[in-house]
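Data block for model_34.csv (CSV, C-alpha atoms):
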```
chain,number,residue,atom,x,y,z
A,9,MET,CA,-50.9,14.2,21.5
A,10,SER,CA,-48.1,15.5,19.2
A,11,VAL,CA,-45.4,17.9,20.2
A,12,ALA,CA,-47.1,20.5,18.1
A,13,ASP,CA,-50.3,20.2,20.1
A,14,VAL,CA,-48.7,21.1,23.4
A,15,PRO,CA,-48.4,24.8,24.2
A,16,ALA,CA,-45.1,26.1,25.5
A,17,ASN,CA,-45.1,26.2,29.3
A,18,THR,CA,-43.0,28.8,30.8
A,19,GLU,CA,-44.8,29.3,34.1
A,20,SER,CA,-44.4,26.2,36.2
A,21,PRO,CA,-40.8,25.6,37.3
A,22,ALA,CA,-42.0,22.5,39.3
A,23,THR,CA,-43.1,20.7,36.1
A,24,PRO,CA,-40.4,18.8,34.2
A,25,GLU,CA,-39.5,20.6,31.0
A,26,ALA,CA,-42.7,20.6,29.0
A,27,PRO,CA,-42.6,19.9,25.3
A,28,ARG,CA,-42.3,23.0,23.3
A,29,SER,CA,-44.3,23.7,20.1
A,30,ASP,CA,-42.7,23.5,16.7
A,31,ARG,CA,-42.9,27.3,16.4
A,32,ALA,CA,-41.3,27.8,19.8
A,33,LEU,CA,-38.4,25.5,19.0
A,34,MET,CA,-37.9,27.2,15.7
A,35,ARG,CA,-37.9,30.6,17.4
A,36,GLU,CA,-35.3,29.4,19.9
A,37,GLU,CA,-33.1,28.0,17.1
A,38,ARG,CA,-33.3,31.3,15.2
A,39,GLU,CA,-32.4,33.3,18.3
A,40,ILE,CA,-29.3,31.2,18.8
A,41,ALA,CA,-28.4,31.3,15.1
A,42,ARG,CA,-28.7,35.0,15.0
A,43,LYS,CA,-25.8,35.4,17.4
A,44,TYR,CA,-23.5,33.8,14.8
A,45,LEU,CA,-24.6,35.8,11.8
A,46,GLY,CA,-23.5,39.1,10.4
A,47,ARG,CA,-19.8,39.0,10.8
A,48,VAL,CA,-17.5,39.3,7.7
A,49,PRO,CA,-15.4,36.1,7.9
A,50,TRP,CA,-12.1,37.7,7.1
A,51,GLU,CA,-10.3,34.5,7.9
A,52,MET,CA,-12.1,32.8,5.0
A,53,VAL,CA,-11.1,35.7,2.7
A,54,ALA,CA,-7.5,35.2,3.7
A,55,TRP,CA,-7.8,31.5,3.4
A,56,GLY,CA,-9.3,31.6,-0.1
A,57,LEU,CA,-6.9,34.2,-1.6
A,58,GLY,CA,-3.8,33.0,0.4
A,59,ASN,CA,-4.4,29.4,-0.6
A,60,PHE,CA,-4.6,30.4,-4.2
A,61,VAL,CA,-1.5,32.5,-4.1
A,62,LEU,CA,0.4,29.7,-2.4
A,63,TRP,CA,-0.7,27.1,-4.9
A,64,VAL,CA,0.3,29.4,-7.9
A,65,SER,CA,3.7,30.0,-6.3
A,66,LEU,CA,4.4,26.3,-6.4
A,67,PHE,CA,4.7,26.3,-10.1
A,68,PRO,CA,7.8,28.6,-10.4
A,69,LEU,CA,9.3,27.2,-7.2
A,70,VAL,CA,9.2,23.6,-8.5
A,71,ILE,CA,10.0,24.4,-12.1
A,72,HIS,CA,13.1,26.4,-11.1
A,73,GLY,CA,14.2,23.7,-8.7
A,74,VAL,CA,13.8,25.8,-5.6
A,75,MET,CA,11.3,23.2,-4.2
A,76,PRO,CA,11.4,19.4,-4.9
A,77,LEU,CA,8.5,18.1,-6.9
A,78,TRP,CA,7.4,15.7,-4.1
A,79,LEU,CA,7.0,18.6,-1.7
A,80,GLY,CA,5.2,20.6,-4.3
A,81,PHE,CA,2.8,17.7,-4.8
A,82,VAL,CA,2.1,17.4,-1.1
A,83,ILE,CA,1.4,21.2,-0.7
A,84,ALA,CA,-0.6,21.4,-4.0
A,85,THR,CA,-2.8,18.5,-2.7
A,86,VAL,CA,-3.4,20.3,0.5
A,87,CYS,CA,-4.1,23.6,-1.4
A,88,CYS,CA,-6.6,21.8,-3.7
A,89,THR,CA,-8.3,20.2,-0.7
A,90,LEU,CA,-8.7,23.6,1.0
A,91,ALA,CA,-9.8,25.4,-2.2
A,92,TYR,CA,-13.5,24.8,-1.9
A,93,LEU,CA,-14.6,26.1,1.5
A,94,PRO,CA,-13.8,29.8,1.0
A,95,SER,CA,-15.8,29.8,-2.2
A,96,HIS,CA,-18.6,28.0,-0.4
A,97,GLU,CA,-18.8,31.0,2.0
A,98,ALA,CA,-19.0,33.2,-1.1
A,99,GLN,CA,-21.7,31.1,-2.7
A,100,HIS,CA,-23.9,31.8,0.3
A,101,SER,CA,-23.0,35.5,0.2
A,102,ILE,CA,-21.6,35.2,3.7
A,103,ILE,CA,-18.6,37.4,3.0
A,104,ALA,CA,-20.8,40.2,1.5
A,105,THR,CA,-24.4,40.2,0.4
A,106,GLU,CA,-25.7,41.4,-3.0
A,107,GLY,CA,-25.6,45.2,-3.2
A,108,SER,CA,-23.2,45.7,-0.3
A,109,LYS,CA,-19.9,47.5,-0.5
A,110,LEU,CA,-17.7,44.4,-0.2
A,111,ARG,CA,-19.7,42.4,-2.7
A,112,TRP,CA,-16.8,42.5,-5.2
A,113,LEU,CA,-14.7,40.7,-2.5
A,114,ASN,CA,-17.3,38.0,-2.1
A,115,GLU,CA,-17.3,37.3,-5.8
A,116,LEU,CA,-13.4,37.5,-6.0
A,117,VAL,CA,-13.0,34.9,-3.3
A,118,GLY,CA,-15.8,32.8,-4.9
A,119,HIS,CA,-14.1,32.7,-8.3
A,120,VAL,CA,-10.4,32.7,-7.4
A,121,SER,CA,-10.4,30.1,-4.6
A,122,LEU,CA,-12.0,27.5,-6.9
A,123,ILE,CA,-9.5,27.8,-9.7
A,124,PRO,CA,-7.2,24.9,-8.4
A,125,LEU,CA,-10.2,22.6,-8.5
A,126,VAL,CA,-11.3,23.9,-12.0
A,127,PHE,CA,-14.7,24.3,-10.6
A,128,PRO,CA,-16.5,27.3,-12.0
A,129,TYR,CA,-17.9,29.5,-9.2
A,130,ARG,CA,-21.3,30.2,-10.8
A,131,ILE,CA,-21.9,26.6,-11.6
A,132,ALA,CA,-20.9,25.7,-8.1
A,133,TRP,CA,-23.4,28.1,-6.7
A,134,ILE,CA,-26.3,27.1,-8.9
A,135,THR,CA,-25.8,23.4,-8.2
A,136,HIS,CA,-25.2,24.0,-4.5
A,137,ARG,CA,-28.5,25.8,-4.2
A,138,GLN,CA,-30.2,22.8,-5.6
A,139,HIS,CA,-28.3,20.6,-3.2
A,140,HIS,CA,-29.7,22.6,-0.3
A,141,ALA,CA,-33.2,22.6,-1.7
A,142,HIS,CA,-33.3,18.9,-2.5
A,143,ALA,CA,-30.7,17.2,-0.2
A,144,ASN,CA,-30.7,13.4,-0.6
A,145,ASP,CA,-33.3,13.4,-3.4
A,146,PRO,CA,-32.0,10.9,-5.9
A,147,GLU,CA,-33.4,12.8,-8.8
A,148,LEU,CA,-32.9,16.4,-7.8
A,149,ASP,CA,-29.8,16.6,-5.5
A,150,PRO,CA,-26.8,17.1,-7.8
A,151,ASP,CA,-24.5,15.7,-5.0
A,152,TYR,CA,-26.5,12.5,-4.7
A,153,PRO,CA,-24.2,10.4,-7.0
A,154,VAL,CA,-21.6,10.3,-4.2
A,155,HIS,CA,-24.0,8.3,-2.0
A,156,ALA,CA,-22.6,5.0,-1.0
A,157,ASP,CA,-22.4,2.6,2.0
A,158,THR,CA,-18.8,3.3,2.7
A,159,TRP,CA,-16.5,6.3,2.2
A,160,TYR,CA,-14.2,4.5,-0.2
A,161,ARG,CA,-17.1,3.5,-2.4
A,162,SER,CA,-18.1,7.2,-2.3
A,163,VAL,CA,-14.6,8.2,-3.5
A,164,TRP,CA,-14.9,5.7,-6.3
A,165,ASN,CA,-18.4,7.1,-7.2
A,166,SER,CA,-17.2,10.6,-7.2
A,167,PHE,CA,-14.2,9.8,-9.4
A,168,ARG,CA,-16.4,8.1,-11.9
A,169,THR,CA,-18.9,10.9,-11.8
A,170,ARG,CA,-16.2,13.4,-12.7
A,171,GLN,CA,-15.2,11.6,-15.9
A,172,GLY,CA,-16.6,12.9,-19.2
A,173,GLY,CA,-18.7,15.7,-17.5
A,174,ASN,CA,-20.8,15.3,-14.4
A,175,GLU,CA,-24.2,14.3,-15.6
A,176,ALA,CA,-26.0,15.1,-12.3
A,177,TYR,CA,-24.6,18.6,-12.5
A,178,ALA,CA,-25.4,19.0,-16.2
A,179,ALA,CA,-29.0,17.9,-15.5
A,180,CYS,CA,-29.2,20.3,-12.6
A,181,LEU,CA,-28.1,23.2,-14.9
A,182,ARG,CA,-30.6,22.2,-17.6
A,183,ARG,CA,-33.4,22.3,-15.0
A,184,SER,CA,-32.2,25.6,-13.5
A,185,SER,CA,-34.2,28.7,-14.1
A,186,ASP,CA,-31.3,30.8,-12.8
A,187,PRO,CA,-30.8,33.8,-15.1
A,188,THR,CA,-27.1,33.4,-14.9
A,189,VAL,CA,-27.0,29.8,-16.1
A,190,GLY,CA,-25.8,30.7,-19.6
A,191,ARG,CA,-23.0,32.8,-18.2
A,192,ALA,CA,-22.1,30.1,-15.8
A,193,ALA,CA,-21.8,27.6,-18.7
A,194,ALA,CA,-19.6,30.0,-20.6
A,195,GLU,CA,-17.4,30.6,-17.6
A,196,GLY,CA,-17.1,26.9,-17.1
A,197,ALA,CA,-16.1,26.4,-20.7
A,198,VAL,CA,-13.4,29.1,-20.4
A,199,LEU,CA,-12.1,27.7,-17.1
A,200,ASN,CA,-11.9,24.2,-18.5
A,201,LEU,CA,-10.2,25.4,-21.7
A,202,PHE,CA,-7.7,27.3,-19.6
A,203,TYR,CA,-7.0,24.2,-17.5
A,204,TYR,CA,-6.4,22.0,-20.5
A,205,ALA,CA,-4.3,24.7,-22.3
A,206,VAL,CA,-2.1,25.0,-19.2
A,207,LEU,CA,-1.7,21.2,-18.9
A,208,THR,CA,-0.9,20.9,-22.6
A,209,GLY,CA,1.4,23.9,-22.7
A,210,MET,CA,3.4,22.7,-19.7
A,211,ALA,CA,3.5,19.1,-20.9
A,212,TRP,CA,4.8,19.9,-24.4
A,213,SER,CA,7.4,22.4,-23.0
A,214,GLY,CA,9.0,19.6,-20.9
A,215,HIS,CA,7.0,20.1,-17.6
A,216,ALA,CA,4.5,17.3,-17.8
A,217,LEU,CA,5.5,15.9,-14.4
A,218,GLU,CA,5.1,19.3,-12.8
A,219,ALA,CA,1.7,19.8,-14.4
A,220,ALA,CA,0.6,16.3,-13.3
A,221,PHE,CA,1.9,16.6,-9.7
A,222,LEU,CA,1.0,20.3,-9.1
A,223,TRP,CA,-2.5,20.4,-10.7
A,224,TRP,CA,-3.9,17.3,-12.3
A,225,LEU,CA,-3.4,14.7,-9.5
A,226,PRO,CA,-3.9,17.2,-6.6
A,227,ARG,CA,-7.1,18.3,-8.1
A,228,HIS,CA,-8.5,14.8,-8.3
A,229,ILE,CA,-7.3,13.9,-4.8
A,230,GLY,CA,-8.6,17.2,-3.4
A,231,PHE,CA,-12.0,16.8,-5.1
A,232,SER,CA,-12.4,13.3,-3.7
A,233,TYR,CA,-11.4,14.4,-0.2
A,234,ILE,CA,-13.9,17.3,-0.3
A,235,LEU,CA,-16.7,15.1,-1.6
A,236,VAL,CA,-16.2,12.6,1.2
A,237,PHE,CA,-16.3,15.2,3.9
A,238,LEU,CA,-18.8,17.7,2.5
A,239,SER,CA,-21.1,15.4,0.6
A,240,TRP,CA,-20.9,11.9,1.8
A,241,ALA,CA,-20.2,12.0,5.6
A,242,PRO,CA,-22.7,14.7,6.7
A,243,HIS,CA,-25.5,13.3,4.6
A,244,PHE,CA,-25.0,9.6,5.3
A,245,PRO,CA,-27.1,7.4,5.1
A,246,PHE,CA,-28.9,9.6,2.5
A,247,THR,CA,-32.4,8.7,3.5
A,248,GLY,CA,-33.9,11.8,5.2
A,249,THR,CA,-35.0,14.6,3.0
A,250,ASP,CA,-36.4,17.2,5.4
A,251,ARG,CA,-34.8,20.0,7.4
A,252,TYR,CA,-33.9,17.8,10.4
A,253,THR,CA,-33.1,14.5,8.7
A,254,ASP,CA,-31.2,15.3,5.5
A,255,THR,CA,-28.0,16.0,7.4
A,256,ARG,CA,-26.5,14.5,10.5
A,257,ALA,CA,-24.1,15.6,13.2
A,258,TRP,CA,-21.2,13.1,13.5
A,259,LYS,CA,-18.0,12.5,15.3
A,260,SER,CA,-15.2,12.2,12.8
A,261,PRO,CA,-12.5,9.7,13.6
A,262,ILE,CA,-9.9,12.1,12.2
A,263,GLY,CA,-11.0,15.2,14.0
A,264,THR,CA,-12.7,18.4,13.1
A,265,VAL,CA,-9.9,20.1,11.3
A,266,LEU,CA,-9.0,17.2,9.0
A,267,SER,CA,-12.7,16.7,8.4
A,268,LEU,CA,-12.8,20.3,7.2
A,269,GLY,CA,-15.3,21.3,10.0
A,270,MET,CA,-18.0,19.1,8.5
A,271,GLU,CA,-19.0,17.4,11.7
A,272,TYR,CA,-21.2,20.5,12.2
A,273,HIS,CA,-22.4,20.6,8.6
A,274,VAL,CA,-26.0,20.2,9.9
A,275,VAL,CA,-25.8,23.8,11.2
A,276,HIS,CA,-24.9,24.9,7.7
A,277,HIS,CA,-28.0,23.2,6.3
A,278,LEU,CA,-30.2,24.7,8.9
A,279,PHE,CA,-28.7,28.2,8.8
A,280,PRO,CA,-26.6,28.5,5.6
A,281,LYS,CA,-25.5,32.1,6.4
A,282,ILE,CA,-23.5,31.1,9.5
A,283,PRO,CA,-19.8,31.2,8.6
A,284,LEU,CA,-17.9,27.9,8.6
A,285,LEU,CA,-15.8,28.6,11.7
A,286,GLN,CA,-19.0,29.5,13.7
A,287,THR,CA,-20.8,26.3,12.9
A,288,GLY,CA,-19.1,24.4,15.8
A,289,PRO,CA,-20.0,26.9,18.5
A,290,ALA,CA,-23.5,27.3,17.1
A,291,TYR,CA,-23.9,23.5,17.1
A,292,TRP,CA,-23.1,23.1,20.7
A,293,GLU,CA,-25.5,25.8,21.6
A,294,LEU,CA,-28.2,24.3,19.4
A,295,ARG,CA,-27.5,20.7,20.2
A,296,ASP,CA,-30.3,20.1,22.8
A,297,LEU,CA,-32.9,21.7,20.5
A,298,LEU,CA,-31.8,19.6,17.6
A,299,GLU,CA,-31.9,16.5,19.6
A,300,LYS,CA,-35.5,17.2,20.4
A,301,ARG,CA,-36.1,17.6,16.7
A,302,GLY,CA,-34.9,14.0,16.1
A,303,LEU,CA,-31.7,15.0,14.4
A,304,ARG,CA,-29.4,12.1,13.9
A,305,ILE,CA,-26.4,12.6,16.2
A,306,ASP,CA,-23.6,10.1,15.7
A,307,GLY,CA,-21.3,10.4,18.7
A,308,LEU,CA,-20.9,14.2,18.7
B,17,MET,CA,-23.2,27.0,-34.5
B,18,ASN,CA,-22.0,29.0,-31.5
B,19,PRO,CA,-18.6,28.3,-29.8
B,20,LEU,CA,-20.2,26.4,-26.9
B,21,MET,CA,-21.9,24.0,-29.4
B,22,ILE,CA,-18.6,23.5,-31.1
B,23,LEU,CA,-16.9,22.8,-27.8
B,24,ASP,CA,-19.7,20.3,-27.0
B,25,LYS,CA,-19.0,18.4,-30.2
B,26,LEU,CA,-15.3,18.4,-29.6
B,27,LYS,CA,-15.9,17.1,-26.0
B,28,ASP,CA,-16.8,13.7,-27.4
B,29,TRP,CA,-13.2,13.4,-28.6
B,30,GLY,CA,-11.9,14.9,-25.3
B,31,PRO,CA,-10.3,11.7,-24.0
B,32,VAL,CA,-8.3,11.3,-27.3
B,33,PHE,CA,-7.2,15.0,-27.2
B,34,PHE,CA,-6.2,14.5,-23.6
B,35,GLY,CA,-4.3,11.4,-24.5
B,36,VAL,CA,-2.3,13.2,-27.2
B,37,ALA,CA,-2.0,16.6,-25.5
B,38,PHE,CA,-1.2,15.6,-22.0
B,39,LEU,CA,-0.8,11.8,-21.4
B,40,ALA,CA,1.7,11.4,-24.3
B,41,PRO,CA,4.3,13.8,-23.0
B,42,LEU,CA,3.6,12.8,-19.4
B,43,ILE,CA,4.3,9.1,-20.3
B,44,ALA,CA,7.4,10.1,-22.3
B,45,GLN,CA,8.8,12.3,-19.5
B,46,SER,CA,7.9,9.7,-16.8
B,47,LEU,CA,10.0,7.1,-18.8
B,48,GLU,CA,12.9,9.6,-19.0
B,49,ALA,CA,12.7,10.6,-15.4
B,50,GLY,CA,12.7,6.9,-14.4
B,51,GLY,CA,15.6,6.0,-16.6
B,52,ALA,CA,13.5,3.5,-18.5
B,53,SER,CA,13.5,3.0,-22.2
B,54,ALA,CA,10.6,2.6,-24.5
B,55,PRO,CA,9.9,-0.8,-26.0
B,56,LEU,CA,10.6,-1.8,-29.6
B,57,GLY,CA,13.3,0.8,-30.1
B,58,ALA,CA,10.7,3.6,-30.0
B,59,THR,CA,11.6,7.0,-28.6
B,60,PRO,CA,9.9,7.9,-25.3
B,61,LEU,CA,7.7,10.4,-27.1
B,62,GLN,CA,6.7,7.9,-29.8
B,63,PHE,CA,5.8,5.4,-27.1
B,64,GLY,CA,3.9,8.1,-25.2
B,65,LEU,CA,1.9,9.1,-28.3
B,66,VAL,CA,0.9,5.5,-29.0
B,67,ALA,CA,0.0,4.8,-25.4
B,68,GLY,CA,-1.8,8.2,-25.0
B,69,VAL,CA,-3.9,7.8,-28.1
B,70,ALA,CA,-4.7,4.1,-27.2
B,71,LEU,CA,-5.7,5.1,-23.7
B,72,GLY,CA,-7.8,8.0,-25.0
B,73,LEU,CA,-9.6,5.9,-27.6
B,74,VAL,CA,-10.4,3.2,-25.0
B,75,ALA,CA,-11.8,5.9,-22.7
B,76,LYS,CA,-13.8,7.4,-25.5
B,77,LEU,CA,-15.3,4.1,-26.4
B,78,ARG,CA,-16.1,3.1,-22.8
B,79,GLY,CA,-17.3,6.5,-21.9
B,80,ARG,CA,-15.0,6.7,-18.9
B,81,TRP,CA,-11.3,6.2,-18.0
B,82,VAL,CA,-11.8,3.7,-15.2
```
Starting from the file, lay out its structure as structure tokens.
Amino acid sequence: MSVADVPANTESPATPEAPRSDRALMREEREIARKYLGRVPWEMVAWGLGNFVLWVSLFPLVIHGVMPLWLGFVIATVCCTLAYLPSHEAQHSIIATEGSKLRWLNELVGHVSLIPLVFPYRIAWITHRQHHAHANDPELDPDYPVHADTWYRSVWNSFRTRQGGNEAYAACLRRSSDPTVGRAAAEGAVLNLFYYAVLTGMAWSGHALEAAFLWWLPRHIGFSYILVFLSWAPHFPFTGTDRYTDTRAWKSPIGTVLSLGMEYHVVHHLFPKIPLLQTGPAYWELRDLLEKRGLRIDGL
Amino acid sequence: MNPLMILDKLKDWGPVFFGVAFLAPLIAQSLEAGGASAPLGATPLQFGLVAGVALGLVAKLRGRWV
């Protein structure tokens, strides 16, 4: 008899906990998830816009000698590493849904916070939606190229993927029927042109080292870090492709904060509208249910 | 041909453009900052241009930088 065949038993306290039906489990999951939905994550708005302003301010501070280049490099690398997640909230319309009063803020955070990574918001959103729909599918998941047996091989894969245009992302955009795909490509071209124009302008006006250590290198380091913790670690070993097996819960050896909160990434895949900082509390409330579902839990 | 198609064509030569536009001055200014001199009596910028173009061409031919 499968779990789905057993009716939910709520009447006999003497009986050990009876298996609940798939539908009952889903209902319980949703009831828990609902508690964490609906709040505007203002901390992510502040994080996204503040991180961008801090990163921009490094350029005059370093160029005018107020801050040493090594310190600017360290801060710029942290800024680039932190640049993705606020936009990720915007990609899922967690800050404000379409048609709501604060929608402009959602889009502002989405676009602005990704500038240090030179990652166009609309392309990020179109490809990320495909990642959710096809997580771990070698053909259809645009993040699949980072799969690897170890994190350092994943870093290497992600670095190679970024050279000369990301083919998995390009293929994803070609497949996409999203009506904004043309606009996304145009915005991507403008952002990339802007990036190379700034690097070139700074380099030929005597600030090549500042350009390299405040943008070029931090962007690559930040991207690699983000991909390890957002794409590689939560989806390892990249075998499951359904709702409860395409993502795992895992205990990070460097802690939740340095792992960008991705130990609980499974909650995001199950309920994408839950804000990042709520995924931890939601996980602990959902944990027993998820264990019953056969979710892979590695030490968490 | 629309601007995006032109950009797409130019992208093939992206590594060489990058070598000239960014790596050349970066190499030159790195030499100067490190107090090193360019080989064969070249100026730092001449050396940077040669190295930048060479690296860019290799990347274009291989299809990747590393």
Neighbour list for stretch 45-50 of chain B as a ChimeraX atom specification, cut-off 10 Å, only C-alpha atoms, skip fewer than 3 positions in-chain: /A:211-212,214-217 /B:39-42,53-54,59-61,63-64
Sort by chain and increasing residue number a table of all residues of chain B within 12 Å of chain A, each with its closest pair of atoms and their distance in Å to one decimal, counting only C-alpha atoms, and write it as a tab-separated table.
```
residue	atom	partner	partner_atom	distance
B:Asn18	CA	A:Ala194	CA	11.2
B:Pro19	CA	A:Ala194	CA	9.4
B:Leu20	CA	A:Ala194	CA	7.3
B:Met21	CA	A:Ala197	CA	10.7
B:Ile22	CA	A:Ala197	CA	11.1
B:Leu23	CA	A:Ala197	CA	8.0
B:Asp24	CA	A:Ala197	CA	9.5
B:Leu26	CA	A:Leu201	CA	11.7
B:Lys27	CA	A:Gly172	CA	8.0
B:Asp28	CA	A:Gly172	CA	8.2
B:Trp29	CA	A:Gly172	CA	10.0
B:Gly30	CA	A:Gly172	CA	8.0
B:Pro31	CA	A:Gly172	CA	8.0
B:Val32	CA	A:Gly172	CA	11.7
B:Phe33	CA	A:Tyr204	CA	9.7
B:Phe34	CA	A:Tyr204	CA	8.1
B:Gly35	CA	A:Thr208	CA	10.3
B:Val36	CA	A:Thr208	CA	9.1
B:Ala37	CA	A:Thr208	CA	5.3
B:Phe38	CA	A:Thr208	CA	5.3
B:Leu39	CA	A:Ala216	CA	8.4
B:Ala40	CA	A:Ala211	CA	8.6
B:Pro41	CA	A:Ala211	CA	5.8
B:Leu42	CA	A:Ala216	CA	4.9
B:Ile43	CA	A:Ala216	CA	8.6
B:Ala44	CA	A:Ala216	CA	9.0
B:Gln45	CA	A:Ala216	CA	6.8
B:Ser46	CA	A:Leu217	CA	7.1
B:Leu47	CA	A:Leu217	CA	10.8
B:Glu48	CA	A:Leu217	CA	10.8
B:Ala49	CA	A:Leu217	CA	9.0
B:Gly50	CA	A:Leu217	CA	11.5
B:Leu61	CA	A:Trp212	CA	10.3
B:Gly64	CA	A:Ala211	CA	11.8
B:Leu65	CA	A:Trp212	CA	11.8
B:Gly72	CA	A:Gly172	CA	11.6
B:Ala75	CA	A:Gly172	CA	9.2
B:Lys76	CA	A:Gly172	CA	8.8
B:Leu77	CA	A:Gly172	CA	11.4
B:Arg78	CA	A:Gly172	CA	10.5
B:Gly79	CA	A:Gly172	CA	7.0
B:Arg80	CA	A:Gln171	CA	5.7
B:Trp81	CA	A:Gln171	CA	7.0
B:Val82	CA	A:Arg168	CA	7.2
```
Between atom CA of A:Tyr129 and atom CA of A:Trp224, measure the distance and give it in Å to one decimal.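 Interatomic distance, atom CA of A:Tyr129 to atom CA of A:Trp224: 18.8 Å.
Here atom CA of A:Arg38 and atom CA of A:Leu278 stand 9.6 Å from one another.
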In Å to one decimal, how far is atom CA of A:Ala241 from atom CA of A:Glu293? 21.8 Å
Contacts of A:Ser101 at 10 Å or less, counting all atoms listed in the file, minus same-chain residues fewer than 5 places along, as a PyMOL selection string? chain A and resi 95-96+106+111+114-115+118+280-281+283
Need to verify the contact set: A:Tyr252, 12 Å, all atoms listed in the file, exclusion of same-chain residues closer than 5 positions in sequence. Can you return it as a VMD selection string? chain A and resid 34 143 243 247 257 273 to 279 297 to 305
Near stretch 76-79 of chain A, within 10 Å and counting all atoms listed in the file, which residues show up once chain neighbours fewer than 6 positions away are dropped, as a ChimeraX atom specification? /A:66-67,69-70,85,217-218,221-222
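Counting only C-alpha atoms and comparing A:Ala179, A:Leu122, A:Val189, A:Ala98, the residue that lies closest to A:Glu147 is A:Ala179.
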Would you pick out the contacts of A:Leu268 at 9 Å or less, using all atoms listed in the file, so that residues sharing its chain but fewer than 3 positions from it are not included, and give the list as a PyMOL selection string? chain A and resi 90+93+234+237-238+263-265+271
Complete stretch 148-159 of chain A with N, CA and C atoms (output as a PDB file, in the coordinates of the input).
```pdb
ATOM      1  N   LEU A 148     -33.064  14.992  -7.767  1.00  0.00           N
ATOM      2  CA  LEU A 148     -32.900  16.400  -7.800  1.00  0.00           C
ATOM      3  C   LEU A 148     -31.626  16.955  -7.089  1.00  0.00           C
ATOM      4  N   ASP A 149     -31.031  16.135  -6.235  1.00  0.00           N
ATOM      5  CA  ASP A 149     -29.800  16.600  -5.500  1.00  0.00           C
ATOM      6  C   ASP A 149     -28.607  16.287  -6.397  1.00  0.00           C
ATOM      7  N   PRO A 150     -27.929  17.332  -6.895  1.00  0.00           N
ATOM      8  CA  PRO A 150     -26.800  17.100  -7.800  1.00  0.00           C
ATOM      9  C   PRO A 150     -25.620  16.362  -7.107  1.00  0.00           C
ATOM     10  N   ASP A 151     -25.604  16.372  -5.768  1.00  0.00           N
ATOM     11  CA  ASP A 151     -24.500  15.700  -5.000  1.00  0.00           C
ATOM     12  C   ASP A 151     -24.887  14.236  -4.705  1.00  0.00           C
ATOM     13  N   TYR A 152     -26.073  13.815  -5.075  1.00  0.00           N
ATOM     14  CA  TYR A 152     -26.500  12.500  -4.700  1.00  0.00           C
ATOM     15  C   TYR A 152     -25.632  11.352  -5.277  1.00  0.00           C
ATOM     16  N   PRO A 153     -25.051  11.516  -6.466  1.00  0.00           N
ATOM     17  CA  PRO A 153     -24.200  10.400  -7.000  1.00  0.00           C
ATOM     18  C   PRO A 153     -23.085   9.962  -6.124  1.00  0.00           C
ATOM     19  N   VAL A 154     -22.687  10.745  -5.122  1.00  0.00           N
ATOM     20  CA  VAL A 154     -21.600  10.300  -4.200  1.00  0.00           C
ATOM     21  C   VAL A 154     -22.138   9.381  -3.119  1.00  0.00           C
ATOM     22  N   HIS A 155     -23.469   9.177  -3.073  1.00  0.00           N
ATOM     23  CA  HIS A 155     -24.000   8.300  -2.000  1.00  0.00           C
ATOM     24  C   HIS A 155     -23.437   6.922  -2.123  1.00  0.00           C
ATOM     25  N   ALA A 156     -23.162   6.312  -0.984  1.00  0.00           N
ATOM     26  CA  ALA A 156     -22.600   5.000  -1.000  1.00  0.00           C
ATOM     27  C   ALA A 156     -22.632   4.457   0.464  1.00  0.00           C
ATOM     28  N   ASP A 157     -22.445   3.144   0.618  1.00  0.00           N
ATOM     29  CA  ASP A 157     -22.400   2.600   2.000  1.00  0.00           C
ATOM     30  C   ASP A 157     -21.168   2.868   2.724  1.00  0.00           C
ATOM     31  N   THR A 158     -20.084   3.080   2.006  1.00  0.00           N
ATOM     32  CA  THR A 158     -18.800   3.300   2.700  1.00  0.00           C
ATOM     33  C   THR A 158     -18.133   4.544   2.005  1.00  0.00           C
ATOM     34  N   TRP A 159     -17.181   5.137   2.742  1.00  0.00           N
ATOM     35  CA  TRP A 159     -16.500   6.300   2.200  1.00  0.00           C
ATOM     36  C   TRP A 159     -15.691   5.985   0.975  1.00  0.00           C
TER      37      TRP A 159
END
```
